[in-house]
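Chemist: Take this structure, written in structure tokens, and hold onto it; I'll ask about it next.
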Amino acid sequence: MKYGARYIVGLAALAAAAFALAGDLHIEITPAYEGDLTQTARTPMKVTVTNDGPATSGTVRLETQAFHMDYPVSLPARDSVEFEAYVYLSWGDVVASLATPRGHDSTRFQIGGYGYAAYQPGVLLVGLSPGSLSYLRTTSNGSGTNSFADLYCPASDLPTRPIGYEGLSAVVLDPSIRALSPEQVRALQLYVVSGGTLVFNGGKSADWDEASWATSLLPARGFKAGPTVKFAFPHANGQGPFPSVSLTTAKPVDGARANYVRGDLVAIVKPIGLGRSLYYTFDLSESQVARWPGMEAYIQSQHWSNAMTRVASFQQSPQQGMGVQPAIATAPQTLPSAASPDPFSAKLPSTSFIFELLASYFVVVVPLNFLVLKRMKRGEWAWFTAPVLSLAFAGLLFHSARGLYSAKMSQATRGILVTQEGIPDAEFVGATQMFIPNAGEYDLHLKDVDSVGIAGTDSGVQQIDIGANPELRASDSGSVSATKMIARNLSFRELTFAQIYPAGSWVRFHVDRKGDQARVTVTNASPYAISHAWLLVGNLSVGMGDLAAGAQRTVTANLKKSGPALQTVSLPMVNSGSARIALDGEVDGLEPGPRIGKEVATRRSIELLAFANTEVKQ
């Protein structure tokens, strides 16, 4: 009895020690933004893990009803670790759980916000006081109301990865921002190049010349304190006179244009990739500006929420109406030939065919077979004829689906890569279709991507992101890796992803202008060939054929003429009415996304949109 009591006391002591160790671990999760969070895109969250005990390591998992992601963490002794995570918000809570060899901890964050308010486009205001641009919440568009969710964060919480800007229509930067990290600057660059709107706030003493980190993004230079004015906006853009505001004027950089209202400089805008940057000469957050009734209509006229130039507009996605999926390019696609092994064009037998085949089987094998044998007085032959007929019908069924059963593991990637001269990096956004003939667990060899999601499953349920889908496992340690996917026999999968490449200098432009003639020299400085290339000079398009790696070609464009229409919708739509110079083509040899199975070349489409810093005014 004495030894039994000691044993029980010892177990209790061990349990208490284990409980104490587990109690040394704490996890917290908070949004990086202040304001009503959108539930149609991944949102930056700050995760803090505190370890009050000895050093250990583990995994943090963040989950919602439509998302999960693992984050490996190393926890020093008696210290805390903070990292940023990008969570796809959905109904319910965000659940954060920590698992280590020493113990576990978990917490919840209530998202809140239901109904239409959950789908407002977000405008992120960096360095501005919360509520200073609350008038954005009810912006009239002439036929109704287009509400924005105004979000706020200090410069220190600005996302360091492009995925952090997924749900934002615009990002407004205040002159009080003195510095940003190189990672934050790169994320902003990629956000704008892929179609975002970046706004530099102005007003009294807004000297953006001191912000060296913003050089590649600023549409102006030479900032100088200007007069106090009242803009005479046309009546259609406002109600009543604009209030008196102090201006800081500037000069447009190459490729930027100044917007005036009856002689007064209001804004400067510069296209960058598919997006643009704007500088307003007045302070958007001034109280008298916020109270001016016409401000709502004016912001709407600036098309901060113009989704037509976002990369996401060039796609056919399962969640097209919600606008949350990465892009799939609209470059010309070669239809697969009959001789090419293409499981994506193979079709399973229709339901009606299978029903008719089964009905015929039961008729032939049971009544017809026995009636014929009975008339022949050979009923015992049914032991032989029934299996033979069954095999014959099975052969017909397999023959009708022979395309899939004979196909090998295959994949095909489609997407778009947008580059801008002067911006070092570019983000490829696209999707990979995969056909997996045999059930099993597969390594996708997908690493160092900005985001990843699975678009479809065997059940036909469309997943917005990785979601509550046990078939795909991914982890995020500053970049995402997805190396495990489980599939059944004859499975089709589609992964959406975003991947960053140092592609900013892949295409170089040199322009000489003499009268109506523009001599444009294009150099393919990338390690890949560019096929089916087209050069756009304003609204003029010129076919350039194929450009080998390192090749250079010069064309002369008569700006008074117009060229043939392109077969893509990308560049003509973006370049319409502008004087920009850009190249559209297919990149041969670039292999983004998962590397699994044999590539179906006829379905592959890697579109490149390369924009020059120089424009040619017609």
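Chain labels A, B, ... are given in the sequence in which chains occur in the structure tokens; within each chain residues are numbered consecutively from 1, and ligands are likewise numbered from 1 in the order shown.
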Could you pull the residues within 10 Å of Asp174 (chain A), counting only C-alpha atoms, minus those fewer than 4 positions along the same chain, as an MDAnalysis selection string?

Modeler: chainID A and resid 125:129 155 178 199:203 206 208 283:285

Chemist: If you take only C-alpha atoms and a cut-off of 10 Å, which residues of region 191-214 of chain A touch region 426-431 of chain A, and what are their nearest atom pairs and distances in Å to one decimal, in chain and number order, as a Markdown table?

Modeler:
```
| residue | atom | partner | partner_atom | distance |
| --- | --- | --- | --- | --- |
| A:Tyr191 | CA | A:Glu427 | CA | 8.9 |
| A:Val193 | CA | A:Ala426 | CA | 7.6 |
| A:Ser194 | CA | A:Glu427 | CA | 7.5 |
```

Chemist: Find the residues near Leu75 (chain A): any atom within 8 Å, counting only C-alpha atoms, skip ones fewer than 2 places away on the same chain, and give them as a list of chain:residue names.

Modeler: A:Val49, A:Thr50, A:Asn51, A:Ala55, A:Thr56, A:Ser57, A:Gly58, A:Val73, A:Ala77, A:Asp79, A:Ser80, A:Val81

Chemist: DSSP on the backbone: which residues in region 55-86 of chain A end up as strand (DSSP E or B)? Give the answer as a list in words.

Modeler: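 These are the residues in question: Thr56, Ser57, Gly58, Thr59, Val60, Arg61, Leu62, Glu63, Thr64, Phe67, His68, Met69, Asp70, Tyr71, Pro72, Val73, Ser74, Leu75, Asp79, Ser80, Val81, Glu82, Phe83, Glu84, Ala85 and Tyr86 of chain A.
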
Chemist: Take the residues just selected and output them with N, CA and C atoms as a PDB file, in the first residue's frame.

Modeler:
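File out.pdb, as written:
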```
ATOM      1  N   THR A  56      12.201  25.075 -27.318  1.00  0.00           N
ATOM      2  CA  THR A  56      11.508  23.989 -27.986  1.00  0.00           C
ATOM      3  C   THR A  56      11.142  24.432 -29.395  1.00  0.00           C
ATOM      4  N   SER A  57      10.489  23.593 -30.141  1.00  0.00           N
ATOM      5  CA  SER A  57      10.021  23.923 -31.485  1.00  0.00           C
ATOM      6  C   SER A  57       8.691  23.224 -31.704  1.00  0.00           C
ATOM      7  N   GLY A  58       7.966  23.659 -32.710  1.00  0.00           N
ATOM      8  CA  GLY A  58       6.667  23.062 -32.967  1.00  0.00           C
ATOM      9  C   GLY A  58       6.040  23.608 -34.228  1.00  0.00           C
ATOM     10  N   THR A  59       4.726  23.487 -34.303  1.00  0.00           N
ATOM     11  CA  THR A  59       3.972  23.915 -35.481  1.00  0.00           C
ATOM     12  C   THR A  59       2.738  24.685 -35.045  1.00  0.00           C
ATOM     13  N   VAL A  60       2.536  25.832 -35.687  1.00  0.00           N
ATOM     14  CA  VAL A  60       1.304  26.598 -35.505  1.00  0.00           C
ATOM     15  C   VAL A  60       0.395  26.298 -36.688  1.00  0.00           C
ATOM     16  N   ARG A  61      -0.850  25.983 -36.398  1.00  0.00           N
ATOM     17  CA  ARG A  61      -1.836  25.783 -37.465  1.00  0.00           C
ATOM     18  C   ARG A  61      -2.919  26.841 -37.331  1.00  0.00           C
ATOM     19  N   LEU A  62      -3.216  27.502 -38.459  1.00  0.00           N
ATOM     20  CA  LEU A  62      -4.312  28.451 -38.528  1.00  0.00           C
ATOM     21  C   LEU A  62      -5.402  27.859 -39.407  1.00  0.00           C
ATOM     22  N   GLU A  63      -6.648  27.916 -38.919  1.00  0.00           N
ATOM     23  CA  GLU A  63      -7.755  27.285 -39.628  1.00  0.00           C
ATOM     24  C   GLU A  63      -8.987  28.173 -39.620  1.00  0.00           C
ATOM     25  N   THR A  64      -9.698  28.165 -40.743  1.00  0.00           N
ATOM     26  CA  THR A  64     -11.075  28.644 -40.815  1.00  0.00           C
ATOM     27  C   THR A  64     -11.852  27.562 -41.532  1.00  0.00           C
ATOM     28  N   PHE A  67      -9.975  27.303 -44.976  1.00  0.00           N
ATOM     29  CA  PHE A  67      -8.530  27.526 -45.039  1.00  0.00           C
ATOM     30  C   PHE A  67      -7.846  26.774 -43.908  1.00  0.00           C
ATOM     31  N   HIS A  68      -6.659  26.247 -44.190  1.00  0.00           N
ATOM     32  CA  HIS A  68      -5.737  25.862 -43.124  1.00  0.00           C
ATOM     33  C   HIS A  68      -4.313  25.947 -43.647  1.00  0.00           C
ATOM     34  N   MET A  69      -3.401  26.258 -42.766  1.00  0.00           N
ATOM     35  CA  MET A  69      -1.991  26.367 -43.134  1.00  0.00           C
ATOM     36  C   MET A  69      -1.150  26.092 -41.891  1.00  0.00           C
ATOM     37  N   ASP A  70      -0.042  25.399 -42.094  1.00  0.00           N
ATOM     38  CA  ASP A  70       0.894  25.093 -41.008  1.00  0.00           C
ATOM     39  C   ASP A  70       2.088  26.027 -41.075  1.00  0.00           C
ATOM     40  N   TYR A  71       2.543  26.461 -39.889  1.00  0.00           N
ATOM     41  CA  TYR A  71       3.680  27.362 -39.778  1.00  0.00           C
ATOM     42  C   TYR A  71       4.676  26.772 -38.780  1.00  0.00           C
ATOM     43  N   PRO A  72       5.815  26.267 -39.236  1.00  0.00           N
ATOM     44  CA  PRO A  72       6.820  25.758 -38.294  1.00  0.00           C
ATOM     45  C   PRO A  72       7.443  26.907 -37.501  1.00  0.00           C
ATOM     46  N   VAL A  73       7.634  26.710 -36.190  1.00  0.00           N
ATOM     47  CA  VAL A  73       8.206  27.746 -35.336  1.00  0.00           C
ATOM     48  C   VAL A  73       9.308  27.156 -34.468  1.00  0.00           C
ATOM     49  N   SER A  74      10.346  27.939 -34.252  1.00  0.00           N
ATOM     50  CA  SER A  74      11.416  27.613 -33.314  1.00  0.00           C
ATOM     51  C   SER A  74      11.317  28.595 -32.162  1.00  0.00           C
ATOM     52  N   LEU A  75      11.193  28.088 -30.933  1.00  0.00           N
ATOM     53  CA  LEU A  75      10.895  28.913 -29.769  1.00  0.00           C
ATOM     54  C   LEU A  75      12.080  28.937 -28.810  1.00  0.00           C
ATOM     55  N   ASP A  79      11.269  33.422 -24.281  1.00  0.00           N
ATOM     56  CA  ASP A  79      11.235  34.471 -25.302  1.00  0.00           C
ATOM     57  C   ASP A  79       9.925  34.330 -26.076  1.00  0.00           C
ATOM     58  N   SER A  80       9.660  35.274 -26.936  1.00  0.00           N
ATOM     59  CA  SER A  80       8.460  35.226 -27.789  1.00  0.00           C
ATOM     60  C   SER A  80       8.865  35.369 -29.246  1.00  0.00           C
ATOM     61  N   VAL A  81       8.056  34.805 -30.117  1.00  0.00           N
ATOM     62  CA  VAL A  81       8.285  34.844 -31.557  1.00  0.00           C
ATOM     63  C   VAL A  81       7.024  35.403 -32.204  1.00  0.00           C
ATOM     64  N   GLU A  82       7.205  36.345 -33.129  1.00  0.00           N
ATOM     65  CA  GLU A  82       6.071  36.920 -33.854  1.00  0.00           C
ATOM     66  C   GLU A  82       6.296  36.756 -35.346  1.00  0.00           C
ATOM     67  N   PHE A  83       5.239  36.371 -36.049  1.00  0.00           N
ATOM     68  CA  PHE A  83       5.343  36.251 -37.504  1.00  0.00           C
ATOM     69  C   PHE A  83       4.003  36.629 -38.111  1.00  0.00           C
ATOM     70  N   GLU A  84       4.022  36.916 -39.426  1.00  0.00           N
ATOM     71  CA  GLU A  84       2.801  37.276 -40.133  1.00  0.00           C
ATOM     72  C   GLU A  84       2.271  36.067 -40.892  1.00  0.00           C
ATOM     73  N   ALA A  85       0.967  35.931 -40.876  1.00  0.00           N
ATOM     74  CA  ALA A  85       0.295  34.858 -41.601  1.00  0.00           C
ATOM     75  C   ALA A  85      -0.805  35.481 -42.459  1.00  0.00           C
ATOM     76  N   TYR A  86      -1.153  34.806 -43.545  1.00  0.00           N
ATOM     77  CA  TYR A  86      -2.150  35.318 -44.474  1.00  0.00           C
ATOM     78  C   TYR A  86      -3.292  34.318 -44.522  1.00  0.00           C
TER      79      TYR A  86
END
```

Chemist: If DSSP is run on the backbone, what residues of region 68-294 of chain A are helix (DSSP H, G or I)? A reply as a ChimeraX atom specification would be ideal.

Modeler: /A:115-119,134-138,155-157,162-165,182-193,208-210,212-214,235-237,287-291,294

Chemist: So, with only C-alpha atoms as the atoms that count, which of A:Ala382, A:Val269, A:Ile486, A:Leu218 lies closest to Phe370 (chain A)?

Modeler: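 The closest residue to Phe370 (chain A) is A:Ala382.
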
Chemist: Residues within 8 Å of Pro271 (chain A), please, as a PyMOL selection string. Count only C-alpha atoms; anything in the same chain fewer than 3 positions from it doesn't count.

Modeler: chain A and resi 255-256+274-277

Chemist: Generate a file of the selected residues that holds N, CA, C and O atoms, formatted as a short mmCIF file (atom, residue, chain, number, x, y, z; two decimals), in the first residue's frame.

Modeler:
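This is the output file selection.cif:
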```cif
data_model
loop_
_atom_site.label_atom_id
_atom_site.label_comp_id
_atom_site.auth_asym_id
_atom_site.auth_seq_id
_atom_site.Cartn_x
_atom_site.Cartn_y
_atom_site.Cartn_z
N GLY A 255 6.47 59.07 -68.28
CA GLY A 255 5.37 58.14 -68.36
C GLY A 255 4.17 58.51 -67.51
O GLY A 255 3.14 57.84 -67.57
N ALA A 256 4.29 59.56 -66.69
CA ALA A 256 3.18 60.00 -65.84
C ALA A 256 2.51 61.22 -66.45
O ALA A 256 3.10 61.94 -67.26
N LEU A 274 0.11 46.51 -64.79
CA LEU A 274 -1.33 46.56 -64.96
C LEU A 274 -1.99 47.55 -64.01
O LEU A 274 -3.19 47.81 -64.12
N GLY A 275 -1.23 48.07 -63.07
CA GLY A 275 -1.79 49.00 -62.09
C GLY A 275 -1.31 50.41 -62.32
O GLY A 275 -0.88 50.78 -63.41
N ARG A 276 -1.35 51.22 -61.28
CA ARG A 276 -0.94 52.61 -61.41
C ARG A 276 -0.70 53.20 -60.03
O ARG A 276 -1.20 52.69 -59.01
N SER A 277 0.06 54.27 -60.01
CA SER A 277 0.27 55.03 -58.78
C SER A 277 -0.25 56.45 -59.00
O SER A 277 -0.17 56.99 -60.11
#
```
